[in-house]
>>> print(open('structure-v1.cif').read())   # mmCIF, C-alpha atoms and all ligand atoms
data_my_file
loop_
_atom_site.label_atom_id
_atom_site.label_comp_id
_atom_site.auth_asym_id
_atom_site.auth_seq_id
_atom_site.Cartn_x
_atom_site.Cartn_y
_atom_site.Cartn_z
CA MET A 1 55.66 -106.98 -19.93
CA ASP A 2 56.94 -105.41 -16.68
CA LEU A 3 60.34 -103.84 -17.20
CA ASP A 4 60.60 -103.16 -13.46
CA ILE A 5 61.83 -99.59 -13.92
CA SER A 6 58.65 -97.63 -13.26
CA GLY A 7 59.06 -95.24 -10.30
CA LYS A 8 62.82 -95.74 -10.12
CA VAL A 9 65.32 -92.89 -10.32
CA ALA A 10 67.77 -92.79 -13.23
CA LEU A 11 70.78 -90.58 -13.91
CA VAL A 12 71.51 -90.03 -17.60
CA THR A 13 74.66 -88.12 -18.56
CA GLY A 14 74.96 -86.64 -22.04
CA ALA A 15 71.17 -86.16 -21.94
CA GLY A 16 71.51 -82.88 -23.85
CA GLY A 17 73.02 -84.77 -26.80
CA GLY A 18 71.61 -87.29 -29.26
CA ILE A 19 72.09 -90.72 -27.66
CA GLY A 20 71.64 -89.63 -24.03
CA ARG A 21 68.45 -87.83 -24.94
CA SER A 22 67.04 -90.90 -26.64
CA ILE A 23 67.82 -93.07 -23.61
CA ALA A 24 66.30 -90.51 -21.23
CA THR A 25 63.15 -90.47 -23.36
CA TYR A 26 62.74 -94.26 -23.38
CA LEU A 27 63.23 -94.43 -19.61
CA ASN A 28 60.89 -91.52 -18.95
CA HIS A 29 58.27 -93.11 -21.19
CA GLU A 30 58.31 -96.10 -18.81
CA ASN A 31 57.69 -93.75 -15.85
CA THR A 32 61.23 -93.72 -14.58
CA PHE A 33 62.17 -90.43 -12.90
CA VAL A 34 65.06 -89.17 -15.00
CA TYR A 35 67.78 -86.72 -14.02
CA LEU A 36 69.04 -85.30 -17.31
CA ILE A 37 72.70 -84.38 -16.85
CA ASP A 38 74.92 -82.44 -19.26
CA ILE A 39 77.09 -79.33 -19.53
CA ASP A 40 74.88 -78.09 -22.39
CA LYS A 41 71.99 -76.26 -20.67
CA LYS A 42 70.24 -75.49 -23.95
CA GLY A 43 70.42 -79.13 -25.00
CA LEU A 44 69.04 -80.18 -21.61
CA ASP A 45 66.09 -77.78 -21.76
CA ASP A 46 65.30 -78.93 -25.26
CA ALA A 47 65.47 -82.60 -24.21
CA LEU A 48 63.22 -81.95 -21.20
CA SER A 49 60.62 -80.15 -23.27
CA ASN A 50 60.28 -83.23 -25.51
CA LEU A 51 59.88 -85.81 -22.74
CA PRO A 52 56.55 -87.65 -22.48
CA ASN A 53 56.36 -87.29 -18.64
CA GLN A 54 58.01 -83.97 -17.85
CA ASP A 55 56.88 -84.05 -14.22
CA GLN A 56 59.04 -87.17 -13.86
CA ALA A 57 62.28 -85.46 -14.87
CA LYS A 58 64.74 -82.79 -13.84
CA VAL A 59 67.67 -81.18 -15.64
CA MET A 60 71.07 -80.78 -13.99
CA THR A 61 73.92 -78.81 -15.47
CA LEU A 62 76.98 -80.76 -14.36
CA ASP A 63 80.49 -81.26 -15.68
CA ILE A 64 81.15 -84.98 -15.18
CA THR A 65 84.91 -84.35 -14.97
CA ASP A 66 84.40 -82.46 -11.70
CA TYR A 67 84.80 -85.22 -9.08
CA SER A 68 83.49 -83.16 -6.13
CA ALA A 69 80.53 -81.71 -8.03
CA VAL A 70 79.54 -85.20 -9.22
CA GLN A 71 79.74 -86.48 -5.64
CA GLU A 72 77.69 -83.57 -4.29
CA THR A 73 75.01 -83.96 -6.97
CA ILE A 74 74.59 -87.71 -6.57
CA ASP A 75 74.67 -87.62 -2.75
CA ASP A 76 72.04 -84.89 -2.79
CA ILE A 77 69.74 -86.92 -5.07
CA ALA A 78 70.21 -90.06 -2.96
CA LEU A 79 69.55 -88.20 0.30
CA ASN A 80 66.72 -85.88 -0.73
CA HIS A 81 64.95 -87.91 -3.41
CA ALA A 82 65.88 -91.57 -3.79
CA VAL A 83 68.87 -93.76 -4.50
CA PRO A 84 69.49 -93.77 -8.25
CA GLU A 85 69.02 -97.38 -9.32
CA ILE A 86 69.87 -96.72 -12.97
CA LEU A 87 72.99 -94.93 -14.21
CA ILE A 88 73.55 -94.26 -17.90
CA ASN A 89 76.93 -92.83 -18.86
CA ALA A 90 76.40 -91.32 -22.29
CA ALA A 91 78.34 -88.03 -22.00
CA GLY A 92 81.36 -88.01 -24.25
CA VAL A 93 83.41 -86.17 -26.84
CA ALA A 94 85.12 -87.38 -30.00
CA GLY A 95 88.19 -85.15 -30.34
CA LEU A 96 90.10 -84.13 -33.40
CA THR A 97 91.14 -86.45 -36.21
CA THR A 98 94.93 -86.41 -35.81
CA PRO A 99 97.74 -88.91 -36.38
CA ILE A 100 99.36 -89.99 -33.10
CA TYR A 101 102.67 -88.27 -33.94
CA GLU A 102 100.85 -84.92 -34.13
CA LEU A 103 98.42 -85.46 -31.27
CA ASP A 104 98.78 -82.85 -28.50
CA GLU A 105 99.11 -84.02 -24.94
CA GLU A 106 96.40 -81.53 -23.99
CA ASP A 107 93.93 -82.97 -26.49
CA PHE A 108 94.72 -86.55 -25.49
CA ASN A 109 94.23 -85.75 -21.80
CA ARG A 110 91.01 -83.81 -22.43
CA ILE A 111 89.34 -86.70 -24.27
CA VAL A 112 90.39 -89.27 -21.69
CA LYS A 113 89.34 -86.99 -18.84
CA ILE A 114 85.79 -86.61 -20.17
CA ASN A 115 85.17 -90.09 -21.59
CA LEU A 116 86.98 -92.24 -19.06
CA ASN A 117 87.50 -90.21 -15.88
CA GLY A 118 84.00 -88.73 -16.19
CA THR A 119 82.51 -92.23 -16.41
CA TYR A 120 84.59 -93.29 -13.41
CA ASN A 121 83.39 -90.25 -11.41
CA MET A 122 79.74 -91.12 -12.03
CA ILE A 123 80.16 -94.84 -11.27
CA ARG A 124 82.31 -94.12 -8.21
CA HIS A 125 79.68 -91.99 -6.52
CA ALA A 126 76.48 -93.66 -7.74
CA SER A 127 77.65 -97.20 -6.98
CA LEU A 128 78.22 -96.38 -3.32
CA HIS A 129 74.49 -95.73 -2.92
CA MET A 130 73.52 -98.68 -5.13
CA VAL A 131 75.67 -101.02 -3.04
CA LYS A 132 73.91 -99.87 0.15
CA LYS A 133 70.57 -100.47 -1.54
CA GLY A 134 71.72 -103.83 -2.94
CA ARG A 135 70.54 -103.21 -6.49
CA GLY A 136 71.31 -101.18 -9.58
CA LYS A 137 71.92 -101.09 -13.33
CA ILE A 138 74.84 -99.27 -14.91
CA VAL A 139 75.07 -98.81 -18.67
CA ASN A 140 78.16 -97.22 -20.20
CA ILE A 141 78.18 -95.93 -23.75
CA ALA A 142 81.54 -96.98 -25.19
CA SER A 143 82.23 -97.22 -28.94
CA ILE A 144 83.29 -99.83 -31.45
CA ALA A 145 86.46 -97.72 -31.70
CA GLY A 146 87.21 -99.04 -28.21
CA VAL A 147 86.74 -102.60 -29.47
CA THR A 148 88.58 -102.50 -32.81
CA GLY A 149 90.78 -99.39 -32.51
CA SER A 150 89.99 -96.19 -34.41
CA ASN A 151 89.86 -96.14 -38.22
CA LEU A 152 89.67 -92.33 -38.15
CA PHE A 153 92.97 -91.20 -36.58
CA GLN A 154 91.29 -90.80 -33.19
CA SER A 155 93.58 -92.90 -31.03
CA HIS A 156 92.79 -90.77 -27.95
CA TYR A 157 89.06 -91.43 -28.39
CA ALA A 158 89.57 -95.15 -29.01
CA ALA A 159 91.88 -95.42 -25.97
CA SER A 160 89.33 -93.68 -23.75
CA LYS A 161 86.55 -96.01 -24.95
CA GLY A 162 88.78 -99.06 -24.58
CA GLY A 163 89.23 -97.87 -21.00
CA VAL A 164 85.45 -97.62 -20.57
CA ILE A 165 85.09 -101.22 -21.81
CA SER A 166 87.69 -102.51 -19.39
CA LEU A 167 86.19 -100.44 -16.56
CA THR A 168 82.79 -101.97 -17.38
CA ARG A 169 84.07 -105.54 -17.13
CA SER A 170 86.09 -104.92 -13.96
CA VAL A 171 83.30 -103.12 -12.15
CA ALA A 172 80.81 -105.80 -13.29
CA LYS A 173 82.92 -108.41 -11.49
CA GLU A 174 83.08 -106.28 -8.34
CA LEU A 175 79.45 -105.27 -8.23
CA GLY A 176 77.74 -108.45 -9.45
CA PRO A 177 77.75 -109.93 -5.94
CA LYS A 178 76.19 -106.66 -4.68
CA GLY A 179 73.15 -106.95 -6.96
CA ILE A 180 74.36 -104.47 -9.58
CA ASN A 181 74.56 -105.18 -13.32
CA VAL A 182 77.19 -103.27 -15.30
CA ASN A 183 77.13 -103.43 -19.09
CA ALA A 184 78.20 -101.29 -22.02
CA ILE A 185 76.99 -100.50 -25.50
CA ALA A 186 79.51 -100.02 -28.29
CA PRO A 187 77.77 -97.97 -30.98
CA GLY A 188 79.03 -97.73 -34.55
CA VAL A 189 78.36 -94.45 -36.37
CA ILE A 190 75.18 -92.83 -35.04
CA GLU A 191 73.59 -89.70 -36.54
CA THR A 192 74.14 -87.07 -33.80
CA LYS A 193 76.01 -83.78 -33.58
CA MET A 194 79.13 -85.79 -32.71
CA ILE A 195 79.51 -86.90 -36.33
CA ALA A 196 78.26 -83.63 -37.89
CA ASN A 197 81.81 -82.70 -38.90
CA MET A 198 82.75 -86.11 -40.26
CA GLU A 199 83.93 -85.66 -43.85
CA SER A 200 81.28 -86.80 -46.33
CA ASP A 201 83.66 -89.13 -48.20
CA LYS A 202 84.51 -90.81 -44.87
CA LYS A 203 80.76 -91.20 -44.18
CA LYS A 204 80.20 -92.67 -47.66
CA GLU A 205 83.09 -95.08 -47.33
CA TYR A 206 81.87 -96.16 -43.91
CA PHE A 207 78.27 -96.47 -45.04
CA SER A 208 79.23 -98.83 -47.87
CA LYS A 209 80.64 -101.31 -45.34
CA ILE A 210 77.65 -101.50 -42.97
CA PRO A 211 75.78 -104.81 -43.43
CA ILE A 212 72.50 -103.14 -42.34
CA GLN A 213 73.16 -100.42 -44.96
CA ARG A 214 72.41 -97.31 -42.97
CA ILE A 215 73.97 -94.99 -40.39
CA GLY A 216 72.51 -95.64 -36.92
CA LYS A 217 69.96 -93.44 -35.18
CA PRO A 218 70.05 -92.45 -31.51
CA ASN A 219 66.96 -94.62 -30.89
CA ASP A 220 68.86 -97.70 -32.12
CA VAL A 221 71.08 -97.22 -29.07
CA GLY A 222 68.27 -95.96 -26.81
CA LYS A 223 66.27 -99.19 -27.14
CA VAL A 224 69.24 -101.36 -26.20
CA ALA A 225 70.01 -99.10 -23.22
CA LEU A 226 66.40 -99.50 -22.08
CA PHE A 227 66.82 -103.28 -22.29
CA LEU A 228 70.04 -103.14 -20.24
CA SER A 229 68.38 -100.88 -17.63
CA SER A 230 65.43 -103.19 -17.20
CA ASP A 231 64.46 -106.54 -15.78
CA LEU A 232 64.82 -108.05 -19.27
CA SER A 233 68.61 -108.23 -18.85
CA THR A 234 68.87 -109.29 -15.20
CA TYR A 235 71.21 -112.22 -15.94
CA MET A 236 73.65 -110.14 -18.01
CA THR A 237 76.69 -108.32 -16.68
CA GLY A 238 80.09 -107.28 -18.01
CA GLN A 239 78.77 -107.44 -21.58
CA ILE A 240 79.67 -105.09 -24.41
CA LEU A 241 76.84 -104.98 -26.94
CA ASN A 242 77.80 -103.70 -30.38
CA VAL A 243 75.00 -101.55 -31.79
CA ASP A 244 76.62 -100.85 -35.11
CA GLY A 245 74.63 -102.33 -37.99
CA GLY A 246 77.23 -105.11 -38.11
CA ILE A 247 80.19 -102.86 -39.07
CA VAL A 248 82.42 -104.51 -36.49
CA MET A 249 82.51 -107.57 -38.80
CA ALA A 250 83.64 -105.56 -41.85
N1 LIG B 301 77.49 -90.60 -32.50
C1 LIG B 301 78.30 -91.62 -32.71
O1 LIG B 301 78.56 -92.00 -33.87
C2 LIG B 301 78.86 -92.40 -31.56
C3 LIG B 301 79.52 -93.61 -31.84
C4 LIG B 301 80.06 -94.35 -30.81
C5 LIG B 301 79.94 -93.89 -29.50
N2 LIG B 301 79.33 -92.72 -29.26
C6 LIG B 301 79.26 -92.28 -27.86
O2 LIG B 301 77.92 -92.03 -27.49
C7 LIG B 301 77.88 -91.06 -26.44
C8 LIG B 301 76.86 -89.99 -26.80
O3 LIG B 301 77.32 -89.29 -27.95
P1 LIG B 301 76.34 -88.60 -29.00
O4 LIG B 301 76.59 -89.23 -30.30
O5 LIG B 301 74.98 -88.54 -28.46
O6 LIG B 301 77.02 -87.16 -29.09
P2 LIG B 301 76.45 -85.75 -28.66
O7 LIG B 301 77.56 -84.80 -28.91
O8 LIG B 301 75.14 -85.50 -29.30
O9 LIG B 301 76.21 -85.91 -27.07
C9 LIG B 301 77.25 -85.96 -26.14
C10 LIG B 301 76.85 -85.08 -24.96
O10 LIG B 301 77.84 -85.18 -23.94
C11 LIG B 301 77.90 -83.89 -23.32
N3 LIG B 301 79.15 -83.70 -22.60
C12 LIG B 301 80.39 -83.55 -23.14
N4 LIG B 301 81.27 -83.32 -22.17
C13 LIG B 301 80.60 -83.34 -20.98
C14 LIG B 301 80.98 -83.16 -19.64
N5 LIG B 301 82.26 -82.90 -19.30
N6 LIG B 301 80.02 -83.22 -18.68
C15 LIG B 301 78.73 -83.47 -19.01
N7 LIG B 301 78.31 -83.64 -20.29
C16 LIG B 301 79.24 -83.57 -21.26
C17 LIG B 301 77.77 -82.93 -24.49
O11 LIG B 301 77.39 -81.62 -24.05
C18 LIG B 301 76.73 -83.60 -25.35
O12 LIG B 301 75.41 -83.12 -25.10
C19 LIG B 301 79.31 -90.54 -26.31
O13 LIG B 301 79.94 -91.16 -25.21
C20 LIG B 301 79.97 -90.97 -27.60
O14 LIG B 301 81.34 -91.14 -27.45
C21 LIG B 301 78.78 -91.96 -30.24
#
>>> encode(input="structure-v1.cif", output="structure tokens")
Amino acid sequence: MDLDISGKVALVTGAGGGIGRSIATYLNHENTFVYLIDIDKKGLDDALSNLPNQDQAKVMTLDITDYSAVQETIDDIALNHAVPEILINAAGVAGLTTPIYELDEEDFNRIVKINLNGTYNMIRHASLHMVKKGRGKIVNIASIAGVTGSNLFQSHYAASKGGVISLTRSVAKELGPKGINVNAIAPGVIETKMIANMESDKKKEYFSKIPIQRIGKPNDVGKVALFLSSDLSTYMTGQILNVDGGIVMA
């Protein structure tokens, strides 16, 4: 089956982490040229060294909260290589577990700046080139916390991901007529370094409620992102796909 992504250029943020790396690997396996973007250089180098087609990939150390640096990077890729036709926004941070009445303004702003403003920065600059080209696929990694609200005293995280969901739907309406699909994935708990510090009793309690009876793996999300980046999902836009083992129903 032709996924219609071979030879295209993709930008994947958070590619030094668990979910972004999985998505980059699936895309690269289908001969997409992948720009692996992250602030974690070591994570990026490690991700690159495990790709199936390393000559079809490049690492870029970039802070997605830096509006001008994001613009410069994307414009440079569009001008000197090719217009990125796939954008995956997987960079994100979880933040501390804190009740709202003890949550610092600084921490709240930091989480929103990375998860929401960072996603905006990437879409803002990539979509300009996609619109000129008349085609593109944007996949945002949100969270079920953005759908249901946080169960873990992470209101800042949930608010930022709720923002990503709303941004996804709004931008999907704007860009649909321009040939660009914009969708999001809302993962449940996925085994990456993001949940490494989650207390084990919290993990156990959560695990017991998952209908599919296991914590998710990065590839569970990676496969769905591949689907949303490909020709298989051409008639879908503005959708939020829960990849959560069914926990959202609990
Ligand atoms: N793991 C989970 O349980 C889970 C659940 C729901 C949603 N998510 C979301 O999935 C996405 C990927 O998370 P993950 O689980 O792979 O975690 P991860 O920590 O393994 O990866 C996140 C990556 O984002 C990068 N990053 C952070 N700030 C950045 C910035 N300013 N600029 C560029 N890169 C930056 C980090 O360096 C890291 O490599 C995140 O958006 C996260 O919120 C994760």
>>> axis_aligned_box(input="structure-v1.cif", around="ligand LIG 301 (chain B)", padding_each_side="5 Å", output="lines of an AutoDock Vina configuration file")
center_x = 78.6
center_y = -88.0
center_z = -26.3
size_x = 17.3
size_y = 22.7
size_z = 25.2
>>> closest_residue(input="structure-v1.cif", among="A:Ala69, A:Val221, A:Leu62, A:Ile165", to="ligand LIG 301 (chain B)", atoms="all atoms listed in the file")
A:Leu62
>>> residues_around(input="structure-v1.cif", residues="Glu30 in chain A", least_positions_apart="5", cutoff="10 Å", atoms="all atoms listed in the file", output="tab-separated table (two decimals) with C-alpha atoms, keeping the file's coordinate frame")
chain	number	residue	atom	x	y	z
A	2	ASP	CA	56.94	-105.41	-16.68
A	3	LEU	CA	60.34	-103.84	-17.20
A	4	ASP	CA	60.60	-103.16	-13.46
A	5	ILE	CA	61.83	-99.59	-13.92
A	6	SER	CA	58.65	-97.63	-13.26
A	7	GLY	CA	59.06	-95.24	-10.30
A	8	LYS	CA	62.82	-95.74	-10.12
A	25	THR	CA	63.15	-90.47	-23.36
A	52	PRO	CA	56.55	-87.65	-22.48
A	53	ASN	CA	56.36	-87.29	-18.64
A	226	LEU	CA	66.40	-99.50	-22.08
>>> closest_residue(input="structure-v1.cif", among="A:Thr61, A:Ser150, A:Asn80, A:Thr168", to="ligand LIG 301 (chain B)", atoms="only C-alpha atoms and all ligand atoms")
A:Thr61
>>> residues_near_ligand(input="structure-v1.cif", ligand="ligand LIG 301 (chain B)", cutoff="8 Å", atoms="only C-alpha atoms and all ligand atoms", output="JSON, numbers by chain")
{"A": [13, 14, 15, 16, 17, 18, 19, 20, 21, 37, 38, 39, 40, 43, 44, 61, 62, 63, 64, 65, 66, 89, 90, 91, 92, 93, 94, 114, 115, 118, 141, 142, 143, 144, 145, 157, 161, 186, 187, 188, 189, 190, 191, 192, 193, 194, 195, 216, 218]}
>>> closest_residue(input="structure-v1.cif", among="A:Val83, A:Val164, A:Met130, A:Val59", to="Gly179 in chain A", atoms="only C-alpha atoms")
A:Met130
>>> residues_near_point(input="structure-v1.cif", point="(78.6, -105.5, -5.0)", cutoff="9 Å", atoms="only C-alpha atoms", output="VMD selection string")
chain A and resid 127 130 to 132 134 to 135 171 to 180
>>> closest_residue(input="structure-v1.cif", among="A:Ile74, A:Ala196, A:Val182, A:Ala126", to="Ala225 in chain A", atoms="all atoms listed in the file")
A:Val182
>>> atom_distance(input="structure-v1.cif", atom1="CA of Val12 in chain A", atom2="CA of Leu241 in chain A")
18.4 Å
>>> closest_residue(input="structure-v1.cif", among="A:Ile111, A:Leu152, A:Ile240, A:Leu167", to="Lys203 in chain A", atoms="all atoms listed in the file")
A:Leu152
>>> atom_distance(input="structure-v1.cif", atom1="CA of Ser166 in chain A", atom2="CA of Phe153 in chain A")
21.2 Å
>>> build_atoms(input="structure-v1.cif", residues="range 195-206 of chain A", atoms="all heavy atoms", output="PDB file, in the coordinates of the input")
ATOM      1  N   ILE A 195      78.928 -86.547 -35.019  1.00  0.00           N
ATOM      2  CA  ILE A 195      79.510 -86.900 -36.330  1.00  0.00           C
ATOM      3  C   ILE A 195      79.189 -85.841 -37.395  1.00  0.00           C
ATOM      4  O   ILE A 195      79.434 -86.041 -38.581  1.00  0.00           O
ATOM      5  CB  ILE A 195      79.064 -88.296 -36.818  1.00  0.00           C
ATOM      6  CG1 ILE A 195      77.551 -88.364 -37.096  1.00  0.00           C
ATOM      7  CG2 ILE A 195      79.474 -89.378 -35.852  1.00  0.00           C
ATOM      8  CD1 ILE A 195      77.215 -89.382 -38.156  1.00  0.00           C
ATOM      9  N   ALA A 196      78.656 -84.680 -36.938  1.00  0.00           N
ATOM     10  CA  ALA A 196      78.260 -83.630 -37.890  1.00  0.00           C
ATOM     11  C   ALA A 196      79.449 -83.178 -38.749  1.00  0.00           C
ATOM     12  O   ALA A 196      79.282 -82.843 -39.927  1.00  0.00           O
ATOM     13  CB  ALA A 196      77.662 -82.459 -37.137  1.00  0.00           C
ATOM     14  N   ASN A 197      80.644 -83.193 -38.155  1.00  0.00           N
ATOM     15  CA  ASN A 197      81.810 -82.700 -38.900  1.00  0.00           C
ATOM     16  C   ASN A 197      82.580 -83.800 -39.627  1.00  0.00           C
ATOM     17  O   ASN A 197      83.641 -83.541 -40.202  1.00  0.00           O
ATOM     18  CB  ASN A 197      82.774 -81.964 -37.958  1.00  0.00           C
ATOM     19  CG  ASN A 197      82.135 -80.727 -37.390  1.00  0.00           C
ATOM     20  OD1 ASN A 197      81.291 -80.105 -38.046  1.00  0.00           O
ATOM     21  ND2 ASN A 197      82.485 -80.379 -36.159  1.00  0.00           N
ATOM     22  N   MET A 198      82.047 -85.010 -39.582  1.00  0.00           N
ATOM     23  CA  MET A 198      82.750 -86.110 -40.260  1.00  0.00           C
ATOM     24  C   MET A 198      82.718 -85.847 -41.769  1.00  0.00           C
ATOM     25  O   MET A 198      81.658 -85.524 -42.323  1.00  0.00           O
ATOM     26  CB  MET A 198      81.998 -87.412 -39.943  1.00  0.00           C
ATOM     27  CG  MET A 198      82.721 -88.674 -40.272  1.00  0.00           C
ATOM     28  SD  MET A 198      81.727 -90.050 -39.596  1.00  0.00           S
ATOM     29  CE  MET A 198      82.547 -91.431 -40.327  1.00  0.00           C
ATOM     30  N   GLU A 199      83.871 -85.964 -42.404  1.00  0.00           N
ATOM     31  CA  GLU A 199      83.930 -85.660 -43.850  1.00  0.00           C
ATOM     32  C   GLU A 199      82.980 -86.585 -44.608  1.00  0.00           C
ATOM     33  O   GLU A 199      82.857 -87.761 -44.284  1.00  0.00           O
ATOM     34  CB  GLU A 199      85.358 -85.880 -44.369  1.00  0.00           C
ATOM     35  CG  GLU A 199      86.367 -84.917 -43.774  1.00  0.00           C
ATOM     36  CD  GLU A 199      87.786 -85.484 -43.835  1.00  0.00           C
ATOM     37  OE1 GLU A 199      88.107 -86.126 -44.844  1.00  0.00           O
ATOM     38  OE2 GLU A 199      88.522 -85.290 -42.865  1.00  0.00           O
ATOM     39  N   SER A 200      82.334 -86.025 -45.648  1.00  0.00           N
ATOM     40  CA  SER A 200      81.280 -86.800 -46.330  1.00  0.00           C
ATOM     41  C   SER A 200      81.855 -88.019 -47.051  1.00  0.00           C
ATOM     42  O   SER A 200      81.198 -89.052 -47.141  1.00  0.00           O
ATOM     43  CB  SER A 200      80.473 -85.921 -47.264  1.00  0.00           C
ATOM     44  OG  SER A 200      81.317 -85.370 -48.219  1.00  0.00           O
ATOM     45  N   ASP A 201      83.111 -87.932 -47.543  1.00  0.00           N
ATOM     46  CA  ASP A 201      83.660 -89.130 -48.200  1.00  0.00           C
ATOM     47  C   ASP A 201      83.952 -90.239 -47.181  1.00  0.00           C
ATOM     48  O   ASP A 201      83.803 -91.416 -47.463  1.00  0.00           O
ATOM     49  CB  ASP A 201      84.903 -88.793 -49.052  1.00  0.00           C
ATOM     50  CG  ASP A 201      86.003 -88.114 -48.271  1.00  0.00           C
ATOM     51  OD1 ASP A 201      85.677 -87.428 -47.277  1.00  0.00           O
ATOM     52  OD2 ASP A 201      87.179 -88.253 -48.640  1.00  0.00           O
ATOM     53  N   LYS A 202      84.302 -89.823 -45.944  1.00  0.00           N
ATOM     54  CA  LYS A 202      84.510 -90.810 -44.870  1.00  0.00           C
ATOM     55  C   LYS A 202      83.177 -91.497 -44.549  1.00  0.00           C
ATOM     56  O   LYS A 202      83.103 -92.708 -44.350  1.00  0.00           O
ATOM     57  CB  LYS A 202      85.020 -90.127 -43.599  1.00  0.00           C
ATOM     58  CG  LYS A 202      86.475 -89.774 -43.604  1.00  0.00           C
ATOM     59  CD  LYS A 202      87.251 -90.834 -42.819  1.00  0.00           C
ATOM     60  CE  LYS A 202      88.748 -90.746 -42.885  1.00  0.00           C
ATOM     61  NZ  LYS A 202      89.396 -89.775 -43.651  1.00  0.00           N
ATOM     62  N   LYS A 203      82.095 -90.664 -44.470  1.00  0.00           N
ATOM     63  CA  LYS A 203      80.760 -91.200 -44.180  1.00  0.00           C
ATOM     64  C   LYS A 203      80.359 -92.197 -45.260  1.00  0.00           C
ATOM     65  O   LYS A 203      79.860 -93.282 -44.972  1.00  0.00           O
ATOM     66  CB  LYS A 203      79.720 -90.070 -44.125  1.00  0.00           C
ATOM     67  CG  LYS A 203      79.489 -89.506 -42.749  1.00  0.00           C
ATOM     68  CD  LYS A 203      78.250 -88.619 -42.739  1.00  0.00           C
ATOM     69  CE  LYS A 203      78.303 -87.643 -41.587  1.00  0.00           C
ATOM     70  NZ  LYS A 203      77.434 -86.522 -41.649  1.00  0.00           N
ATOM     71  N   LYS A 204      80.591 -91.812 -46.518  1.00  0.00           N
ATOM     72  CA  LYS A 204      80.200 -92.670 -47.660  1.00  0.00           C
ATOM     73  C   LYS A 204      80.956 -93.993 -47.620  1.00  0.00           C
ATOM     74  O   LYS A 204      80.381 -95.068 -47.789  1.00  0.00           O
ATOM     75  CB  LYS A 204      80.512 -91.947 -48.983  1.00  0.00           C
ATOM     76  CG  LYS A 204      79.274 -91.343 -49.605  1.00  0.00           C
ATOM     77  CD  LYS A 204      79.576 -90.869 -51.022  1.00  0.00           C
ATOM     78  CE  LYS A 204      78.862 -89.555 -51.268  1.00  0.00           C
ATOM     79  NZ  LYS A 204      79.562 -88.651 -52.139  1.00  0.00           N
ATOM     80  N   GLU A 205      82.254 -93.886 -47.368  1.00  0.00           N
ATOM     81  CA  GLU A 205      83.090 -95.080 -47.330  1.00  0.00           C
ATOM     82  C   GLU A 205      82.618 -96.014 -46.212  1.00  0.00           C
ATOM     83  O   GLU A 205      82.480 -97.224 -46.395  1.00  0.00           O
ATOM     84  CB  GLU A 205      84.547 -94.646 -47.072  1.00  0.00           C
ATOM     85  CG  GLU A 205      85.546 -95.772 -47.150  1.00  0.00           C
ATOM     86  CD  GLU A 205      86.896 -95.361 -46.548  1.00  0.00           C
ATOM     87  OE1 GLU A 205      87.244 -94.169 -46.574  1.00  0.00           O
ATOM     88  OE2 GLU A 205      87.575 -96.257 -46.020  1.00  0.00           O
ATOM     89  N   TYR A 206      82.320 -95.397 -45.065  1.00  0.00           N
ATOM     90  CA  TYR A 206      81.870 -96.160 -43.910  1.00  0.00           C
ATOM     91  C   TYR A 206      80.516 -96.815 -44.204  1.00  0.00           C
ATOM     92  O   TYR A 206      80.313 -98.000 -43.963  1.00  0.00           O
ATOM     93  CB  TYR A 206      81.753 -95.202 -42.715  1.00  0.00           C
ATOM     94  CG  TYR A 206      81.395 -95.881 -41.417  1.00  0.00           C
ATOM     95  CD1 TYR A 206      82.373 -96.414 -40.587  1.00  0.00           C
ATOM     96  CD2 TYR A 206      80.070 -95.982 -41.024  1.00  0.00           C
ATOM     97  CE1 TYR A 206      82.039 -97.037 -39.404  1.00  0.00           C
ATOM     98  CE2 TYR A 206      79.725 -96.607 -39.841  1.00  0.00           C
ATOM     99  CZ  TYR A 206      80.713 -97.129 -39.032  1.00  0.00           C
ATOM    100  OH  TYR A 206      80.380 -97.750 -37.865  1.00  0.00           O
TER     101      TYR A 206
END
